[in-house]
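S.K.: Handing you this structure, nothing more for now.
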Amino acid sequence: MTDVINPAIPAGAYDDFLPEALPGARSQREWTPADGPLPAIYLSHGAPPLLDDGAWLRQLFAWAQALPKPRAIVIVSAHWEDAPLMLSAPGAHTPLFYDFGGFHPRYYTMKYDTPDASALAKRVAAMMPEGEPLYQHPKRGLDHGAWIPMMAMYPLGDVPVLQLSMPTQDPDALLKLGRRLAPLREEGVLIVGSGFMTHGLPFLTMENMRGLALPGWSSDFDAWVADALSRGDVDEIASFASKAPGMPYAHPTAEHFVPVFVALGAADDPEAPARTVIDGFQLGLAKRSFEVR
């Protein structure tokens, strides 16, 4: 694995990954109604260091390749908290939102041009309750919780992507939002909650970031969530702030965890066991990612 703290070539792992991935991306079979509903997923997105982690890039790509190519993608990311509910600018080639700091200049030049998502934006808007305000943003592009993992999963950038703001951190409200989006799965739309399974950045040590020691608060929280997901215990998961081991260190603020509830809400049965697709840790943080149907 490339050094994700201080890589010799910023995003060099992505440069190596891309020529390997493109043939598979070009030949990926597109979704058809015969495939049935796509899953809803929660993924840990990793910020710019994901582009320096070749193993993780390949895990995300393999996940995408195991599914038919979606007709479109709807993402709720930890990095856009705004109420009322807002939709990202749907036009083709909308500039990205580089919402991070302190990284090498190259990360601010990365591109991920996606097709027009206007039809999807209208469809999503029509699914929201009448009378509740909704704002179509004219300029806001995809933030790094959307474009960085999508660069790994769908490197051709040929799938329309629409981002929704996260209007609340309340689990029940986010479950309801997921339920409203759930019919899109039957139309070949991939619903994504994007966060990080643990996100205690202030509490990481250099030993943690170098992979020499794993924070107990990170591993304990991750194991607790994995168990609850395997049992489909949504009520337990919703009580994470008071019941989960490792709190509040695992999530000093909740925005990277609560997109879980959008994915669970979009499932046919939120209380069915989730399937973990990616686990492990990067920089001491749990990158557990799962799908539900």
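Chain lettering (A, B, ...) mirrors the order of the structure tokens, residue numbering begins at 1 for each chain separately, and ligand numbering begins at 1 in order of display.
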Can you list, as a PyMOL selection string, every protein, DNA or RNA residue that comes within 9 Å of segment 113-115 of chain A when you count only C-alpha atoms, leaving out same-chain residues fewer than 3 positions away?
M.R.: chain A and resi 90-96+156-161
S.K.: Just write the chosen residues, all heavy atoms, as a compact mmCIF listing (two decimals), in the first residue's frame.
M.R.:
```
# COMPACT_ATOMS: atom_id res chain seq x y z
N PRO A 90 -27.47 19.89 -11.14
CA PRO A 90 -27.59 18.65 -11.90
C PRO A 90 -26.95 18.68 -13.28
O PRO A 90 -26.92 17.66 -13.96
CB PRO A 90 -29.11 18.50 -12.03
CG PRO A 90 -29.62 19.90 -12.11
CD PRO A 90 -28.69 20.71 -11.22
N GLY A 91 -26.43 19.82 -13.70
CA GLY A 91 -25.91 19.92 -15.06
C GLY A 91 -24.68 19.07 -15.29
O GLY A 91 -23.92 18.77 -14.36
N ALA A 92 -24.48 18.68 -16.52
CA ALA A 92 -23.27 17.92 -16.87
C ALA A 92 -22.03 18.76 -16.62
O ALA A 92 -22.03 19.97 -16.80
CB ALA A 92 -23.33 17.51 -18.34
N HIS A 93 -20.96 18.11 -16.15
CA HIS A 93 -19.66 18.73 -15.96
C HIS A 93 -19.69 19.86 -14.93
O HIS A 93 -18.87 20.78 -14.99
CB HIS A 93 -19.11 19.27 -17.29
CG HIS A 93 -19.21 18.28 -18.41
ND1 HIS A 93 -18.60 17.05 -18.39
CD2 HIS A 93 -19.88 18.34 -19.60
CE1 HIS A 93 -18.87 16.40 -19.51
NE2 HIS A 93 -19.65 17.15 -20.25
N THR A 94 -20.63 19.79 -13.97
CA THR A 94 -20.62 20.77 -12.90
C THR A 94 -19.31 20.67 -12.13
O THR A 94 -18.90 19.57 -11.76
CB THR A 94 -21.80 20.54 -11.94
OG1 THR A 94 -23.02 20.69 -12.66
CG2 THR A 94 -21.77 21.53 -10.78
N PRO A 95 -18.60 21.77 -11.87
CA PRO A 95 -17.31 21.69 -11.17
C PRO A 95 -17.44 21.03 -9.80
O PRO A 95 -18.45 21.16 -9.11
CB PRO A 95 -16.89 23.16 -11.04
CG PRO A 95 -17.61 23.86 -12.16
CD PRO A 95 -18.92 23.15 -12.30
N LEU A 96 -16.40 20.32 -9.41
CA LEU A 96 -16.39 19.65 -8.11
C LEU A 96 -16.22 20.65 -6.98
O LEU A 96 -15.76 21.78 -7.18
CB LEU A 96 -15.25 18.63 -8.07
CG LEU A 96 -15.28 17.52 -9.12
CD1 LEU A 96 -14.04 16.64 -8.98
CD2 LEU A 96 -16.55 16.70 -9.03
N LEU A 156 -15.09 5.84 -15.15
CA LEU A 156 -15.39 6.48 -16.44
C LEU A 156 -16.18 7.78 -16.26
O LEU A 156 -16.23 8.60 -17.18
CB LEU A 156 -16.18 5.53 -17.33
CG LEU A 156 -15.45 4.28 -17.82
CD1 LEU A 156 -16.41 3.37 -18.57
CD2 LEU A 156 -14.27 4.65 -18.70
N GLY A 157 -16.80 7.96 -15.13
CA GLY A 157 -17.61 9.16 -14.92
C GLY A 157 -18.78 9.24 -15.86
O GLY A 157 -19.21 10.34 -16.24
N ASP A 158 -19.35 8.09 -16.22
CA ASP A 158 -20.42 8.06 -17.22
C ASP A 158 -21.79 7.79 -16.62
O ASP A 158 -22.74 7.53 -17.35
CB ASP A 158 -20.11 7.02 -18.30
CG ASP A 158 -19.93 5.61 -17.74
OD1 ASP A 158 -19.83 5.46 -16.50
OD2 ASP A 158 -19.88 4.65 -18.54
N VAL A 159 -21.91 7.86 -15.29
CA VAL A 159 -23.19 7.64 -14.62
C VAL A 159 -23.64 8.96 -14.00
O VAL A 159 -22.86 9.59 -13.28
CB VAL A 159 -23.07 6.56 -13.52
CG1 VAL A 159 -24.41 6.35 -12.83
CG2 VAL A 159 -22.55 5.25 -14.11
N PRO A 160 -24.86 9.42 -14.26
CA PRO A 160 -25.34 10.65 -13.61
C PRO A 160 -25.32 10.51 -12.09
O PRO A 160 -25.74 9.48 -11.55
CB PRO A 160 -26.77 10.79 -14.13
CG PRO A 160 -26.81 10.01 -15.40
CD PRO A 160 -25.86 8.86 -15.18
N VAL A 161 -24.82 11.54 -11.42
CA VAL A 161 -24.72 11.54 -9.96
C VAL A 161 -25.41 12.79 -9.43
O VAL A 161 -25.12 13.90 -9.87
CB VAL A 161 -23.26 11.51 -9.48
CG1 VAL A 161 -23.21 11.46 -7.95
CG2 VAL A 161 -22.52 10.31 -10.06
```
S.K.: Just the helix (DSSP H, G or I) stuff from segment 83-157 of chain A, please, per backbone DSSP, written as number ranges by chain.
M.R.: A: 105-108, 118-127, 144-153
S.K.: Selection from above, N, CA and C atoms, as a compact mmCIF listing (two decimals), in the first residue's frame, can you write it?
M.R.:
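The resulting file, part02.txt, is shown below:
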```
# COMPACT_ATOMS: atom_id res chain seq x y z
N PRO A 105 -1.36 20.31 -3.76
CA PRO A 105 -2.20 20.98 -4.77
C PRO A 105 -2.82 20.05 -5.79
N ARG A 106 -2.20 18.90 -6.05
CA ARG A 106 -2.76 18.04 -7.09
C ARG A 106 -4.19 17.60 -6.79
N TYR A 107 -4.51 17.40 -5.51
CA TYR A 107 -5.84 16.91 -5.16
C TYR A 107 -6.92 17.92 -5.54
N TYR A 108 -6.52 19.17 -5.67
CA TYR A 108 -7.49 20.22 -6.02
C TYR A 108 -7.62 20.39 -7.54
N SER A 118 -30.37 16.09 -14.59
CA SER A 118 -31.58 16.90 -14.41
C SER A 118 -32.84 16.05 -14.26
N ALA A 119 -32.95 15.00 -15.07
CA ALA A 119 -34.14 14.15 -14.97
C ALA A 119 -34.20 13.48 -13.60
N LEU A 120 -33.04 13.05 -13.08
CA LEU A 120 -33.00 12.45 -11.76
C LEU A 120 -33.37 13.47 -10.69
N ALA A 121 -32.90 14.70 -10.82
CA ALA A 121 -33.23 15.74 -9.84
C ALA A 121 -34.73 15.98 -9.80
N LYS A 122 -35.37 15.99 -10.95
CA LYS A 122 -36.83 16.17 -10.98
C LYS A 122 -37.54 14.98 -10.35
N ARG A 123 -37.02 13.80 -10.60
CA ARG A 123 -37.63 12.59 -10.03
C ARG A 123 -37.50 12.60 -8.51
N VAL A 124 -36.33 12.95 -7.99
CA VAL A 124 -36.14 12.99 -6.55
C VAL A 124 -37.02 14.07 -5.93
N ALA A 125 -37.07 15.23 -6.55
CA ALA A 125 -37.91 16.31 -6.02
C ALA A 125 -39.36 15.88 -5.92
N ALA A 126 -39.84 15.13 -6.91
CA ALA A 126 -41.23 14.69 -6.92
C ALA A 126 -41.52 13.66 -5.83
N MET A 127 -40.48 13.03 -5.29
CA MET A 127 -40.66 12.01 -4.26
C MET A 127 -40.74 12.61 -2.86
N HIS A 144 -16.30 15.96 -1.74
CA HIS A 144 -15.36 14.84 -1.80
C HIS A 144 -15.94 13.55 -1.22
N GLY A 145 -17.02 13.65 -0.43
CA GLY A 145 -17.69 12.45 0.03
C GLY A 145 -18.44 11.74 -1.08
N ALA A 146 -18.59 12.42 -2.21
CA ALA A 146 -19.25 11.83 -3.38
C ALA A 146 -18.24 11.52 -4.47
N TRP A 147 -17.46 12.52 -4.90
CA TRP A 147 -16.66 12.29 -6.11
C TRP A 147 -15.45 11.40 -5.88
N ILE A 148 -14.87 11.41 -4.68
CA ILE A 148 -13.69 10.57 -4.48
C ILE A 148 -14.05 9.08 -4.51
N PRO A 149 -15.04 8.60 -3.76
CA PRO A 149 -15.36 7.18 -3.89
C PRO A 149 -15.93 6.81 -5.25
N MET A 150 -16.65 7.73 -5.90
CA MET A 150 -17.18 7.42 -7.22
C MET A 150 -16.07 7.32 -8.26
N MET A 151 -14.97 8.05 -8.08
CA MET A 151 -13.82 7.91 -8.98
C MET A 151 -13.27 6.49 -8.93
N ALA A 152 -13.39 5.84 -7.76
CA ALA A 152 -12.94 4.46 -7.63
C ALA A 152 -13.96 3.48 -8.18
N MET A 153 -15.24 3.71 -7.89
CA MET A 153 -16.27 2.74 -8.26
C MET A 153 -16.64 2.83 -9.73
```
S.K.: Going by DSSP on the backbone, which residues of segment 4-249 of chain A come out as strand (DSSP E or B)? List them as a VMD selection string.
M.R.: chain A and resid 30 40 to 44 69 72 to 77 85 to 87 134 to 136 161 to 164 189 to 195
S.K.: Selection from above, N, CA and C atoms, as a PDB file, in the first residue's frame, can you write it?
M.R.:
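This went into out-v9.pdb:
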```
ATOM      1  N   GLU A  30     -24.818  -3.011 -18.008  1.00  0.00           N
ATOM      2  CA  GLU A  30     -25.728  -2.015 -17.465  1.00  0.00           C
ATOM      3  C   GLU A  30     -26.948  -2.679 -16.828  1.00  0.00           C
ATOM      4  N   ALA A  40     -29.080  -0.542  -1.583  1.00  0.00           N
ATOM      5  CA  ALA A  40     -28.650   0.734  -1.029  1.00  0.00           C
ATOM      6  C   ALA A  40     -27.362   0.450  -0.269  1.00  0.00           C
ATOM      7  N   ILE A  41     -26.430   1.398  -0.295  1.00  0.00           N
ATOM      8  CA  ILE A  41     -25.128   1.138   0.307  1.00  0.00           C
ATOM      9  C   ILE A  41     -24.711   2.276   1.234  1.00  0.00           C
ATOM     10  N   TYR A  42     -23.900   1.912   2.211  1.00  0.00           N
ATOM     11  CA  TYR A  42     -23.172   2.893   3.012  1.00  0.00           C
ATOM     12  C   TYR A  42     -21.695   2.627   2.776  1.00  0.00           C
ATOM     13  N   LEU A  43     -20.952   3.671   2.466  1.00  0.00           N
ATOM     14  CA  LEU A  43     -19.522   3.503   2.255  1.00  0.00           C
ATOM     15  C   LEU A  43     -18.737   4.524   3.066  1.00  0.00           C
ATOM     16  N   SER A  44     -17.573   4.089   3.492  1.00  0.00           N
ATOM     17  CA  SER A  44     -16.599   4.986   4.105  1.00  0.00           C
ATOM     18  C   SER A  44     -15.742   5.534   2.980  1.00  0.00           C
ATOM     19  N   LYS A  69     -24.116  -1.955 -13.749  1.00  0.00           N
ATOM     20  CA  LYS A  69     -23.890  -0.509 -13.716  1.00  0.00           C
ATOM     21  C   LYS A  69     -25.213   0.225 -13.514  1.00  0.00           C
ATOM     22  N   ALA A  72     -28.195   5.605 -12.571  1.00  0.00           N
ATOM     23  CA  ALA A  72     -27.878   6.877 -11.913  1.00  0.00           C
ATOM     24  C   ALA A  72     -27.530   6.580 -10.464  1.00  0.00           C
ATOM     25  N   ILE A  73     -26.996   7.593  -9.787  1.00  0.00           N
ATOM     26  CA  ILE A  73     -26.568   7.453  -8.393  1.00  0.00           C
ATOM     27  C   ILE A  73     -27.069   8.654  -7.604  1.00  0.00           C
ATOM     28  N   VAL A  74     -27.627   8.385  -6.421  1.00  0.00           N
ATOM     29  CA  VAL A  74     -28.040   9.430  -5.480  1.00  0.00           C
ATOM     30  C   VAL A  74     -27.206   9.263  -4.219  1.00  0.00           C
ATOM     31  N   ILE A  75     -26.555  10.330  -3.779  1.00  0.00           N
ATOM     32  CA  ILE A  75     -25.638  10.269  -2.637  1.00  0.00           C
ATOM     33  C   ILE A  75     -26.033  11.295  -1.573  1.00  0.00           C
ATOM     34  N   VAL A  76     -26.059  10.840  -0.326  1.00  0.00           N
ATOM     35  CA  VAL A  76     -26.124  11.729   0.837  1.00  0.00           C
ATOM     36  C   VAL A  76     -24.777  11.611   1.534  1.00  0.00           C
ATOM     37  N   SER A  77     -24.050  12.719   1.610  1.00  0.00           N
ATOM     38  CA  SER A  77     -22.686  12.730   2.125  1.00  0.00           C
ATOM     39  C   SER A  77     -22.602  13.452   3.463  1.00  0.00           C
ATOM     40  N   LEU A  85     -33.897  20.399   2.701  1.00  0.00           N
ATOM     41  CA  LEU A  85     -33.216  19.494   1.792  1.00  0.00           C
ATOM     42  C   LEU A  85     -32.817  20.214   0.512  1.00  0.00           C
ATOM     43  N   MET A  86     -31.578  20.002   0.083  1.00  0.00           N
ATOM     44  CA  MET A  86     -31.061  20.633  -1.125  1.00  0.00           C
ATOM     45  C   MET A  86     -30.539  19.579  -2.081  1.00  0.00           C
ATOM     46  N   LEU A  87     -30.606  19.864  -3.361  1.00  0.00           N
ATOM     47  CA  LEU A  87     -30.076  18.999  -4.398  1.00  0.00           C
ATOM     48  C   LEU A  87     -28.898  19.698  -5.055  1.00  0.00           C
ATOM     49  N   LEU A 134     -37.808  22.378  -0.551  1.00  0.00           N
ATOM     50  CA  LEU A 134     -36.693  21.704  -1.198  1.00  0.00           C
ATOM     51  C   LEU A 134     -36.040  22.704  -2.127  1.00  0.00           C
ATOM     52  N   TYR A 135     -34.722  22.762  -2.106  1.00  0.00           N
ATOM     53  CA  TYR A 135     -33.991  23.768  -2.885  1.00  0.00           C
ATOM     54  C   TYR A 135     -33.098  23.095  -3.912  1.00  0.00           C
ATOM     55  N   GLN A 136     -33.265  23.468  -5.169  1.00  0.00           N
ATOM     56  CA  GLN A 136     -32.389  22.994  -6.238  1.00  0.00           C
ATOM     57  C   GLN A 136     -31.219  23.959  -6.366  1.00  0.00           C
ATOM     58  N   VAL A 161     -24.820  11.543 -11.420  1.00  0.00           N
ATOM     59  CA  VAL A 161     -24.723  11.535  -9.958  1.00  0.00           C
ATOM     60  C   VAL A 161     -25.409  12.786  -9.425  1.00  0.00           C
ATOM     61  N   LEU A 162     -26.309  12.578  -8.483  1.00  0.00           N
ATOM     62  CA  LEU A 162     -26.992  13.678  -7.809  1.00  0.00           C
ATOM     63  C   LEU A 162     -26.715  13.565  -6.324  1.00  0.00           C
ATOM     64  N   GLN A 163     -26.358  14.672  -5.711  1.00  0.00           N
ATOM     65  CA  GLN A 163     -26.111  14.680  -4.272  1.00  0.00           C
ATOM     66  C   GLN A 163     -27.241  15.396  -3.560  1.00  0.00           C
ATOM     67  N   LEU A 164     -27.646  14.841  -2.425  1.00  0.00           N
ATOM     68  CA  LEU A 164     -28.639  15.464  -1.559  1.00  0.00           C
ATOM     69  C   LEU A 164     -27.946  15.952  -0.303  1.00  0.00           C
ATOM     70  N   VAL A 189     -31.334   2.877  -9.820  1.00  0.00           N
ATOM     71  CA  VAL A 189     -30.581   3.956  -9.179  1.00  0.00           C
ATOM     72  C   VAL A 189     -29.916   3.411  -7.922  1.00  0.00           C
ATOM     73  N   LEU A 190     -28.628   3.663  -7.784  1.00  0.00           N
ATOM     74  CA  LEU A 190     -27.875   3.262  -6.603  1.00  0.00           C
ATOM     75  C   LEU A 190     -27.985   4.372  -5.559  1.00  0.00           C
ATOM     76  N   ILE A 191     -28.464   4.018  -4.371  1.00  0.00           N
ATOM     77  CA  ILE A 191     -28.607   4.977  -3.278  1.00  0.00           C
ATOM     78  C   ILE A 191     -27.423   4.794  -2.335  1.00  0.00           C
ATOM     79  N   VAL A 192     -26.729   5.884  -2.047  1.00  0.00           N
ATOM     80  CA  VAL A 192     -25.466   5.829  -1.307  1.00  0.00           C
ATOM     81  C   VAL A 192     -25.516   6.768  -0.107  1.00  0.00           C
ATOM     82  N   GLY A 193     -25.221   6.239   1.068  1.00  0.00           N
ATOM     83  CA  GLY A 193     -24.888   7.057   2.222  1.00  0.00           C
ATOM     84  C   GLY A 193     -23.376   7.041   2.362  1.00  0.00           C
ATOM     85  N   SER A 194     -22.750   8.200   2.400  1.00  0.00           N
ATOM     86  CA  SER A 194     -21.290   8.292   2.386  1.00  0.00           C
ATOM     87  C   SER A 194     -20.793   8.971   3.651  1.00  0.00           C
ATOM     88  N   GLY A 195     -19.965   8.255   4.406  1.00  0.00           N
ATOM     89  CA  GLY A 195     -19.409   8.818   5.631  1.00  0.00           C
ATOM     90  C   GLY A 195     -18.075   8.163   5.949  1.00  0.00           C
TER      91      GLY A 195
END
```
S.K.: Which of these residues is nearest to Ala241 of chain A, using only C-alpha atoms: A:Ala266, A:Ala226, A:Gln169, A:Ser219?
M.R.: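 With only C-alpha atoms as the atom set, the closest residue is A:Gln169.
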S.K.: Tell me, in Å to one decimal, how far atom CA of Phe97 of chain A is from atom CA of Phe281 of chain A.
M.R.: 25.8 Å
S.K.: Just checking: using only C-alpha atoms, which residue out of A:Ala263, A:Leu50, A:Leu285, A:Val277 ends up closest to Arg185 of chain A?
M.R.: A:Ala263
S.K.: For Leu51 of chain A, which residue among A:Asp35, A:Asp143, A:Glu20, A:Asp3 is the nearest when counting only C-alpha atoms?
M.R.: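 When distances to Leu51 of chain A are compared using only C-alpha atoms, the smallest one comes from A:Asp3.
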S.K.: For Pro215 of chain A, please output as a list in words all residues within 9 Å (counting only C-alpha atoms; exclusion window: fewer than 2 positions along the same chain).
M.R.: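 In the requested form, the answer reads Phe203, Leu204, Thr205, Asn208, Ala213, Trp217, Ser218, Ser219, Asp220, Gly284 and Leu285 of chain A.
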S.K.: Counting only C-alpha atoms, which residue out of A:Gly232, A:Gly265, A:Gly211, A:Gly216 sits closest to Leu177 of chain A?
M.R.: A:Gly265
S.K.: State, in Å with one decimal place, the distance from atom CA of Arg58 of chain A to atom CA of Ala13 of chain A.
M.R.: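 So the two atoms, atom CA of Arg58 of chain A and atom CA of Ala13 of chain A, lie 10.2 Å apart.
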S.K.: How many Å lie between atom CA of His104 of chain A and atom CA of Tyr154 of chain A, rounded to one decimal?
M.R.: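 Computing it gives 23.7 Å between the two atoms.
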S.K.: Could you check which of A:Ala25, A:Leu57, A:Leu184, A:Ala34 is closest to Arg71 of chain A, using only C-alpha atoms?
M.R.: A:Leu184
S.K.: Find the residues near Pro68 of chain A: any atom within 10 Å, counting only C-alpha atoms, skip ones fewer than 4 places away on the same chain, and give them as a VMD selection string.
M.R.: chain A and resid 28 to 32 35 38 64 188
S.K.: Save out the residues we just selected, N, CA and C atoms, as an mmCIF file, in the first residue's frame.
M.R.:
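Ended up saving to result.cif:
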```
data_model
loop_
_atom_site.group_PDB
_atom_site.id
_atom_site.type_symbol
_atom_site.label_atom_id
_atom_site.label_comp_id
_atom_site.auth_asym_id
_atom_site.auth_seq_id
_atom_site.Cartn_x
_atom_site.Cartn_y
_atom_site.Cartn_z
ATOM 1 N N GLN A 28 -18.555 -3.201 -18.220
ATOM 2 C CA GLN A 28 -19.544 -3.502 -17.182
ATOM 3 C C GLN A 28 -20.949 -3.514 -17.774
ATOM 4 N N ARG A 29 -21.694 -4.542 -17.419
ATOM 5 C CA ARG A 29 -23.061 -4.677 -17.911
ATOM 6 C C ARG A 29 -23.968 -3.659 -17.237
ATOM 7 N N GLU A 30 -24.818 -3.011 -18.008
ATOM 8 C CA GLU A 30 -25.728 -2.015 -17.465
ATOM 9 C C GLU A 30 -26.948 -2.679 -16.828
ATOM 10 N N TRP A 31 -27.478 -2.023 -15.808
ATOM 11 C CA TRP A 31 -28.668 -2.519 -15.115
ATOM 12 C C TRP A 31 -29.859 -2.597 -16.062
ATOM 13 N N THR A 32 -30.667 -3.641 -15.894
ATOM 14 C CA THR A 32 -31.952 -3.762 -16.584
ATOM 15 C C THR A 32 -33.009 -4.119 -15.541
ATOM 16 N N ASP A 35 -32.846 -7.301 -13.504
ATOM 17 C CA ASP A 35 -31.915 -7.446 -12.387
ATOM 18 C C ASP A 35 -32.598 -7.228 -11.040
ATOM 19 N N LEU A 38 -31.535 -2.428 -7.264
ATOM 20 C CA LEU A 38 -30.157 -2.327 -6.795
ATOM 21 C C LEU A 38 -30.149 -2.211 -5.272
ATOM 22 N N ALA A 64 -18.324 -2.264 -7.051
ATOM 23 C CA ALA A 64 -19.116 -1.756 -8.164
ATOM 24 C C ALA A 64 -19.231 -2.784 -9.283
ATOM 25 N N GLY A 188 -33.128 1.228 -11.131
ATOM 26 C CA GLY A 188 -31.711 1.120 -11.458
ATOM 27 C C GLY A 188 -30.862 2.234 -10.887
#
```
S.K.: Between A:Gln59, A:Thr253, A:Ser88, A:Thr276, which residue has the minimum interatomic distance to Gly200 of chain A, considering only C-alpha atoms?
M.R.: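 The answer is A:Thr253, which sits nearest to Gly200 of chain A.
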S.K.: Set the distance at 6 Å and use only C-alpha atoms: which residues neighbour Pro167 of chain A once local chain neighbours fewer than 3 positions away are removed? I'd like the list as a list in words.
M.R.: Glu81, Asp82, Ala83, Pro84 and Leu85 of chain A
S.K.: Restricted to N, CA and C atoms, what would the selected residues look like written as a compact mmCIF listing (two decimals), in the first residue's frame?
M.R.:
```txt
# COMPACT_ATOMS: atom_id res chain seq x y z
N GLU A 81 -24.30 19.27 5.11
CA GLU A 81 -25.39 19.36 6.08
C GLU A 81 -26.10 20.69 5.87
N ASP A 82 -27.27 20.61 5.29
CA ASP A 82 -28.06 21.82 5.04
C ASP A 82 -29.54 21.48 5.08
N ALA A 83 -30.30 22.32 5.71
CA ALA A 83 -31.75 22.23 5.71
C ALA A 83 -32.30 23.57 5.25
N PRO A 84 -33.41 23.56 4.48
CA PRO A 84 -34.14 22.37 4.05
C PRO A 84 -33.33 21.53 3.08
N LEU A 85 -33.90 20.40 2.70
CA LEU A 85 -33.22 19.49 1.79
C LEU A 85 -32.82 20.21 0.51
```
